[in-house]
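Structure file structure-v9.json (JSON, C-alpha atoms) is printed below.
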[["chain", "number", "residue", "atom", "x", "y", "z"],
["A", 1, "MET", "CA", -25.73, -6.10, 12.03],
["A", 2, "THR", "CA", -26.65, -4.33, 15.26],
["A", 3, "LYS", "CA", -24.04, -4.67, 17.98],
["A", 4, "VAL", "CA", -25.48, -5.82, 21.30],
["A", 5, "THR", "CA", -23.60, -4.46, 24.32],
["A", 6, "PRO", "CA", -23.12, -7.15, 26.99],
["A", 7, "LEU", "CA", -24.94, -6.46, 30.25],
["A", 8, "ALA", "CA", -21.67, -6.61, 32.16],
["A", 9, "GLU", "CA", -20.29, -3.74, 30.06],
["A", 10, "VAL", "CA", -23.42, -1.66, 30.63],
["A", 11, "ARG", "CA", -23.11, -2.18, 34.38],
["A", 12, "ALA", "CA", -19.41, -1.31, 34.27],
["A", 13, "VAL", "CA", -20.30, 2.07, 32.73],
["A", 14, "ARG", "CA", -23.17, 2.74, 35.13],
["A", 15, "GLU", "CA", -21.37, 1.91, 38.38],
["A", 16, "PRO", "CA", -18.76, 4.73, 38.19],
["A", 17, "GLY", "CA", -21.63, 7.12, 37.44],
["A", 18, "LYS", "CA", -23.51, 5.96, 40.54],
["A", 19, "ARG", "CA", -20.41, 6.40, 42.66],
["A", 20, "MET", "CA", -19.85, 9.93, 41.36],
["A", 21, "ARG", "CA", -23.48, 10.89, 42.03],
["A", 22, "SER", "CA", -23.12, 9.53, 45.55],
["A", 23, "ARG", "CA", -19.88, 11.45, 46.11],
["A", 24, "LEU", "CA", -21.47, 14.67, 44.93],
["A", 25, "LEU", "CA", -24.49, 14.11, 47.18],
["A", 26, "ASP", "CA", -22.23, 13.31, 50.17],
["A", 27, "ALA", "CA", -20.16, 16.44, 49.64],
["A", 28, "ALA", "CA", -23.16, 18.65, 48.96],
["A", 29, "VAL", "CA", -25.15, 17.61, 52.01],
["A", 30, "GLU", "CA", -22.27, 18.37, 54.38],
["A", 31, "LEU", "CA", -21.76, 21.80, 52.83],
["A", 32, "PHE", "CA", -25.48, 22.53, 52.80],
["A", 33, "LYS", "CA", -25.86, 21.48, 56.46],
["A", 34, "ALA", "CA", -22.95, 23.71, 57.46],
["A", 35, "ARG", "CA", -23.80, 26.83, 55.42],
["A", 36, "GLY", "CA", -27.17, 26.54, 53.73],
["A", 37, "GLN", "CA", -28.09, 26.15, 50.09],
["A", 38, "THR", "CA", -27.58, 29.74, 48.93],
["A", 39, "ALA", "CA", -24.11, 30.13, 50.47],
["A", 40, "VAL", "CA", -22.62, 27.09, 48.72],
["A", 41, "SER", "CA", -21.44, 27.20, 45.11],
["A", 42, "VAL", "CA", -21.37, 24.45, 42.51],
["A", 43, "ALA", "CA", -17.58, 24.84, 42.33],
["A", 44, "GLU", "CA", -17.25, 24.23, 46.07],
["A", 45, "ILE", "CA", -19.38, 21.11, 45.89],
["A", 46, "ALA", "CA", -17.33, 19.79, 42.98],
["A", 47, "THR", "CA", -14.03, 20.48, 44.79],
["A", 48, "ALA", "CA", -15.24, 18.74, 47.96],
["A", 49, "ALA", "CA", -16.28, 15.70, 45.91],
["A", 50, "GLY", "CA", -13.09, 15.59, 43.86],
["A", 51, "ALA", "CA", -15.09, 16.33, 40.71],
["A", 52, "TYR", "CA", -15.52, 19.04, 38.08],
["A", 53, "PRO", "CA", -18.33, 21.62, 38.17],
["A", 54, "SER", "CA", -19.56, 20.26, 34.85],
["A", 55, "GLN", "CA", -20.19, 16.91, 36.54],
["A", 56, "VAL", "CA", -22.60, 18.56, 38.98],
["A", 57, "THR", "CA", -24.66, 19.91, 36.09],
["A", 58, "TYR", "CA", -24.34, 16.63, 34.17],
["A", 59, "TYR", "CA", -25.81, 14.54, 37.00],
["A", 60, "PHE", "CA", -28.18, 17.06, 38.59],
["A", 61, "ARG", "CA", -28.73, 19.86, 36.03],
["A", 62, "THR", "CA", -28.87, 22.63, 38.68],
["A", 63, "LYS", "CA", -27.65, 23.28, 42.19],
["A", 64, "GLU", "CA", -31.29, 23.50, 43.31],
["A", 65, "ALA", "CA", -32.03, 20.01, 42.00],
["A", 66, "LEU", "CA", -28.92, 18.70, 43.76],
["A", 67, "PHE", "CA", -30.01, 20.41, 46.97],
["A", 68, "VAL", "CA", -33.49, 18.88, 46.91],
["A", 69, "GLU", "CA", -32.15, 15.40, 46.17],
["A", 70, "ALA", "CA", -29.51, 15.71, 48.90],
["A", 71, "ALA", "CA", -32.11, 16.92, 51.42],
["A", 72, "CYS", "CA", -34.51, 14.12, 50.52],
["A", 73, "ARG", "CA", -31.80, 11.50, 50.88],
["A", 74, "GLU", "CA", -30.67, 12.98, 54.19],
["A", 75, "VAL", "CA", -34.14, 13.02, 55.77],
["A", 76, "LEU", "CA", -34.54, 9.35, 54.83],
["A", 77, "TYR", "CA", -31.27, 8.63, 56.66],
["A", 78, "VAL", "CA", -32.59, 10.56, 59.67],
["A", 79, "ALA", "CA", -35.81, 8.52, 59.59],
["A", 80, "SER", "CA", -33.92, 5.23, 59.33],
["A", 81, "ARG", "CA", -31.73, 6.04, 62.34],
["A", 82, "ALA", "CA", -34.75, 7.20, 64.33],
["A", 83, "GLU", "CA", -36.69, 4.02, 63.55],
["A", 84, "ALA", "CA", -33.72, 1.85, 64.55],
["A", 85, "SER", "CA", -33.54, 3.63, 67.91],
["A", 86, "ALA", "CA", -37.30, 3.52, 68.48],
["A", 87, "ALA", "CA", -37.40, -0.22, 67.77],
["A", 88, "GLN", "CA", -35.64, -0.74, 71.12],
["A", 89, "ALA", "CA", -38.42, 1.02, 73.05],
["A", 90, "ALA", "CA", -40.34, -0.94, 75.67],
["A", 91, "THR", "CA", -43.34, 1.41, 75.79],
["A", 92, "GLY", "CA", -45.25, 3.64, 73.42],
["A", 93, "SER", "CA", -44.15, 6.81, 75.20],
["A", 94, "ASP", "CA", -40.51, 5.72, 74.96],
["A", 95, "TYR", "CA", -41.04, 4.90, 71.26],
["A", 96, "ASN", "CA", -42.32, 8.43, 70.69],
["A", 97, "ARG", "CA", -39.49, 10.03, 72.65],
["A", 98, "ARG", "CA", -36.78, 8.08, 70.82],
["A", 99, "LEU", "CA", -38.27, 9.04, 67.46],
["A", 100, "VAL", "CA", -38.71, 12.69, 68.35],
["A", 101, "GLU", "CA", -35.27, 13.13, 69.89],
["A", 102, "ALA", "CA", -33.63, 11.58, 66.80],
["A", 103, "VAL", "CA", -35.60, 13.69, 64.33],
["A", 104, "VAL", "CA", -36.40, 17.10, 65.84],
["A", 105, "GLY", "CA", -33.40, 19.41, 65.71],
["A", 106, "SER", "CA", -31.51, 17.23, 63.25],
["A", 107, "PRO", "CA", -29.77, 19.09, 60.39],
["A", 108, "GLY", "CA", -31.31, 16.59, 57.96],
["A", 109, "LEU", "CA", -34.85, 17.59, 58.93],
["A", 110, "ALA", "CA", -33.96, 21.28, 58.64],
["A", 111, "LEU", "CA", -32.57, 20.66, 55.14],
["A", 112, "PHE", "CA", -35.78, 18.89, 54.14],
["A", 113, "VAL", "CA", -37.88, 21.83, 55.37],
["A", 114, "ASP", "CA", -35.76, 24.14, 53.20],
["A", 115, "ALA", "CA", -36.17, 21.76, 50.26],
["A", 116, "LEU", "CA", -39.96, 21.87, 50.64],
["A", 117, "SER", "CA", -39.85, 25.66, 50.54],
["A", 118, "LEU", "CA", -37.67, 25.62, 47.42],
["A", 119, "THR", "CA", -39.96, 23.11, 45.73],
["A", 120, "ARG", "CA", -42.88, 25.50, 46.03],
["A", 121, "ARG", "CA", -41.01, 27.68, 43.53],
["A", 122, "ARG", "CA", -39.62, 24.77, 41.49],
["A", 123, "GLN", "CA", -42.54, 22.48, 40.76],
["A", 124, "ASP", "CA", -40.34, 20.42, 38.45],
["A", 125, "LEU", "CA", -38.63, 19.11, 41.60],
["A", 126, "SER", "CA", -41.85, 18.08, 43.36],
["A", 127, "PRO", "CA", -41.87, 14.43, 42.16],
["A", 128, "LEU", "CA", -38.73, 13.71, 44.19],
["A", 129, "VAL", "CA", -40.31, 15.26, 47.30],
["A", 130, "GLU", "CA", -43.51, 13.27, 46.75],
["A", 131, "ARG", "CA", -41.53, 10.02, 46.49],
["A", 132, "THR", "CA", -39.66, 10.92, 49.66],
["A", 133, "PHE", "CA", -42.93, 11.42, 51.55],
["A", 134, "GLU", "CA", -44.15, 8.06, 50.27],
["A", 135, "ARG", "CA", -41.01, 6.40, 51.62],
["A", 136, "LEU", "CA", -41.14, 8.25, 54.94],
["A", 137, "HIS", "CA", -44.74, 7.21, 55.45],
["A", 138, "GLY", "CA", -44.35, 3.67, 54.13],
["A", 139, "GLU", "CA", -41.22, 2.86, 56.10],
["A", 140, "GLY", "CA", -42.60, 4.58, 59.18],
["A", 141, "ASP", "CA", -45.77, 2.47, 58.89],
["A", 142, "ARG", "CA", -43.72, -0.71, 58.61],
["A", 143, "ALA", "CA", -41.36, 0.13, 61.50],
["A", 144, "TYR", "CA", -44.18, 1.10, 63.87],
["A", 145, "ALA", "CA", -46.40, -1.86, 62.98],
["A", 146, "GLU", "CA", -43.46, -4.25, 63.44],
["A", 147, "THR", "CA", -42.63, -2.83, 66.87],
["A", 148, "ARG", "CA", -46.30, -2.99, 67.94],
["A", 149, "ARG", "CA", -46.46, -6.64, 66.92],
["A", 150, "ARG", "CA", -43.16, -7.54, 68.59],
["A", 151, "ARG", "CA", -44.04, -5.73, 71.83],
["A", 152, "GLY", "CA", -47.64, -6.92, 71.92],
["A", 153, "TRP", "CA", -49.10, -3.43, 71.96],
["A", 154, "THR", "CA", -52.85, -3.60, 71.37],
["A", 155, "GLY", "CA", -55.64, -1.30, 70.34],
["A", 156, "PRO", "CA", -57.09, 0.20, 67.17],
["A", 157, "GLU", "CA", -54.14, 2.45, 66.37],
["A", 158, "ASP", "CA", -53.65, 2.81, 62.60],
["A", 159, "ALA", "CA", -49.94, 2.63, 61.75],
["A", 160, "ALA", "CA", -50.42, 4.57, 58.52],
["A", 161, "VAL", "CA", -52.16, 7.43, 60.32],
["A", 162, "THR", "CA", -49.50, 7.40, 63.04],
["A", 163, "ALA", "CA", -46.61, 7.77, 60.58],
["A", 164, "ARG", "CA", -48.29, 10.60, 58.69],
["A", 165, "ARG", "CA", -49.18, 12.41, 61.91],
["A", 166, "PHE", "CA", -45.59, 12.09, 63.14],
["A", 167, "TRP", "CA", -44.03, 13.63, 60.03],
["A", 168, "THR", "CA", -46.66, 16.37, 59.76],
["A", 169, "LEU", "CA", -45.94, 17.39, 63.35],
["A", 170, "ALA", "CA", -42.16, 17.07, 62.93],
["A", 171, "LEU", "CA", -42.10, 19.35, 59.91],
["A", 172, "GLY", "CA", -44.34, 21.92, 61.59],
["A", 173, "VAL", "CA", -42.23, 21.95, 64.74],
["A", 174, "ALA", "CA", -39.02, 22.19, 62.67],
["A", 175, "LEU", "CA", -40.41, 25.11, 60.68],
["A", 176, "ARG", "CA", -41.34, 26.95, 63.86],
["A", 177, "GLU", "CA", -37.97, 26.16, 65.44],
["A", 178, "GLY", "CA", -36.16, 27.58, 62.43],
["A", 179, "ALA", "CA", -38.27, 30.74, 62.33],
["A", 180, "THR", "CA", -38.20, 31.52, 66.06],
["A", 181, "GLU", "CA", -35.85, 31.26, 69.02],
["A", 182, "THR", "CA", -37.39, 27.96, 70.13],
["A", 183, "SER", "CA", -34.66, 25.66, 71.46],
["A", 184, "VAL", "CA", -34.32, 22.05, 70.35],
["A", 185, "VAL", "CA", -35.18, 20.90, 73.89],
["A", 186, "ASP", "CA", -38.38, 22.95, 73.87],
["A", 187, "ALA", "CA", -39.24, 21.76, 70.35],
["A", 188, "VAL", "CA", -38.82, 18.12, 71.42],
["A", 189, "GLU", "CA", -41.09, 18.61, 74.44],
["A", 190, "GLU", "CA", -43.66, 20.47, 72.34],
["A", 191, "MET", "CA", -43.85, 17.64, 69.83],
["A", 192, "LEU", "CA", -44.07, 14.99, 72.54],
["A", 193, "ALA", "CA", -46.96, 16.90, 74.07],
["A", 194, "LEU", "CA", -48.73, 16.98, 70.70],
["A", 195, "LEU", "CA", -48.20, 13.24, 70.24],
["A", 196, "ARG", "CA", -49.62, 12.57, 73.71],
["A", 197, "LEU", "CA", -52.91, 14.08, 72.59],
["A", 198, "SER", "CA", -53.36, 10.89, 70.57],
["A", 199, "PRO", "CA", -51.43, 8.22, 72.49],
["A", 200, "ILE", "CA", -50.61, 4.69, 71.32],
["A", 201, "LYS", "CA", -53.33, 2.41, 72.63],
["A", 202, "GLY", "CA", -52.18, -0.29, 75.02],
["A", 203, "ALA", "CA", -48.55, 0.83, 74.80],
["A", 204, "ALA", "CA", -48.13, 3.05, 77.85]]
So, in terms of structure tokens, how does the structure I just supplied come out?
Amino acid sequence: MTKVTPLAEVRAVREPGKRMRSRLLDAAVELFKARGQTAVSVAEIATAAGAYPSQVTYYFRTKEALFVEAACREVLYVASRAEASAAQAATGSDYNRRLVEAVVGSPGLALFVDALSLTRRRQDLSPLVERTFERLHGEGDRAYAETRRRRGWTGPEDAAVTARRFWTLALGVALREGATETSVVDAVEEMLALLRLSPIKGAA
């Protein structure tokens, strides 16, 4: 007779695994933000998480896969914090500024730019990046549309287009900032200027 494992037992096994994955991601993202992907070893990540190096490979297979997942999770946190700040804006220009100041120059965005570069060489990791873009766009659409409705901003502005434009510009500005001596202040002003080329209708 086949033994059926109770659902409660299955969950009891899965939960510690989820917590360990989360601990490894938490430890990894802090190390990666401080020193970059190439300068951090699997052993250091494991030590910081209170784990064994074998657990890193068990849950993530490679350090590169861990890096991409950590970067994707971190940029989603950045987006969530930015949207929460922008939701308090009274005008469209203030909405833009709150978003840009929370995103441009953030270590999480810089990590995500590095993850995109790595994924060009590791196409097996691209599904995670694609899902992250879907969430960035989808949640950005929802947050912007909700603020427009609540504030009574009018006009034909397409929330989906706005979210995609924002992240395309943010990534381009972050890439330039990382490759040149552009300051965060200058990068913020540059992106705000680009956004003003297509302002939010009725939200000035």
task: Give as a list of chain:residue names the set of residues within 9 Å of the point (-31.1, 12.2, 63.9), where distances use the file's coordinates and all atoms listed in the file.
output: A:Val75, A:Tyr77, A:Val78, A:Ala79, A:Ser80, A:Arg81, A:Ala82, A:Leu99, A:Val100, A:Glu101, A:Ala102, A:Val103, A:Val104, A:Gly105, A:Ser106, A:Pro107, A:Gly108, A:Leu109
message: Here's a test: counting only C-alpha atoms, identify every protein, DNA and RNA residue with an atom at most 10 Å from (-37.7, 21.3, 53.2) in the file's coordinate frame, and state them as a ChimeraX atom specification.
response: /A:67-68,71-72,75,108-120,129,171,174-175
Exercise: region 47-51 of chain A partners within 12 Å, only C-alpha atoms, chain neighbours under 5 positions left out, as a list in words: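 That gives Gly17, Arg19, Met20, Arg21, Ser22, Arg23, Leu24, Leu25, Asp26, Ala27, Ala28, Val29, Glu30, Leu31, Phe32, Val40, Ser41, Val42, Val56, Thr57, Tyr58 and Tyr59 of chain A.
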- request: Record the distance separating CA of Ala43 (chain A) and CA of Ala65 (chain A), expressed in Å with one decimal.
  value: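 Between CA of Ala43 (chain A) and CA of Ala65 (chain A) the gap works out to 15.2 Å.
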- request: Could you check which of A:Arg135, A:Arg176, A:Arg165, A:Arg61 is closest to Asn96 (chain A), using all atoms listed in the file?
  value: A:Arg165
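Remark: for Arg142 (chain A), the closest of the candidate residues A:Leu192, A:Val173, A:Ala84, A:Leu197 is A:Ala84 (distances computed over only C-alpha atoms).
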message: Quick check, in Å to one decimal: how far apart do CA of Met191 (chain A) and CA of Glu134 (chain A) lie?
response: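 Spanning CA of Met191 (chain A) to CA of Glu134 (chain A) is a straight-line distance of 21.8 Å.
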query: When distances are computed from only C-alpha atoms, which of A:Thr162, A:Ala34, A:Leu169, A:Gln88 shows the smallest separation from Ala193 (chain A)?
result: A:Leu169
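Taking CA of Val188 (chain A) and CA of Ala70 (chain A) as endpoints, the distance between them is 24.5 Å.
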Selected residue, from A:Leu136, A:Ala145, A:Ala179, A:Ala163, that lies nearest to Arg73 (chain A) when counting only C-alpha atoms: A:Leu136
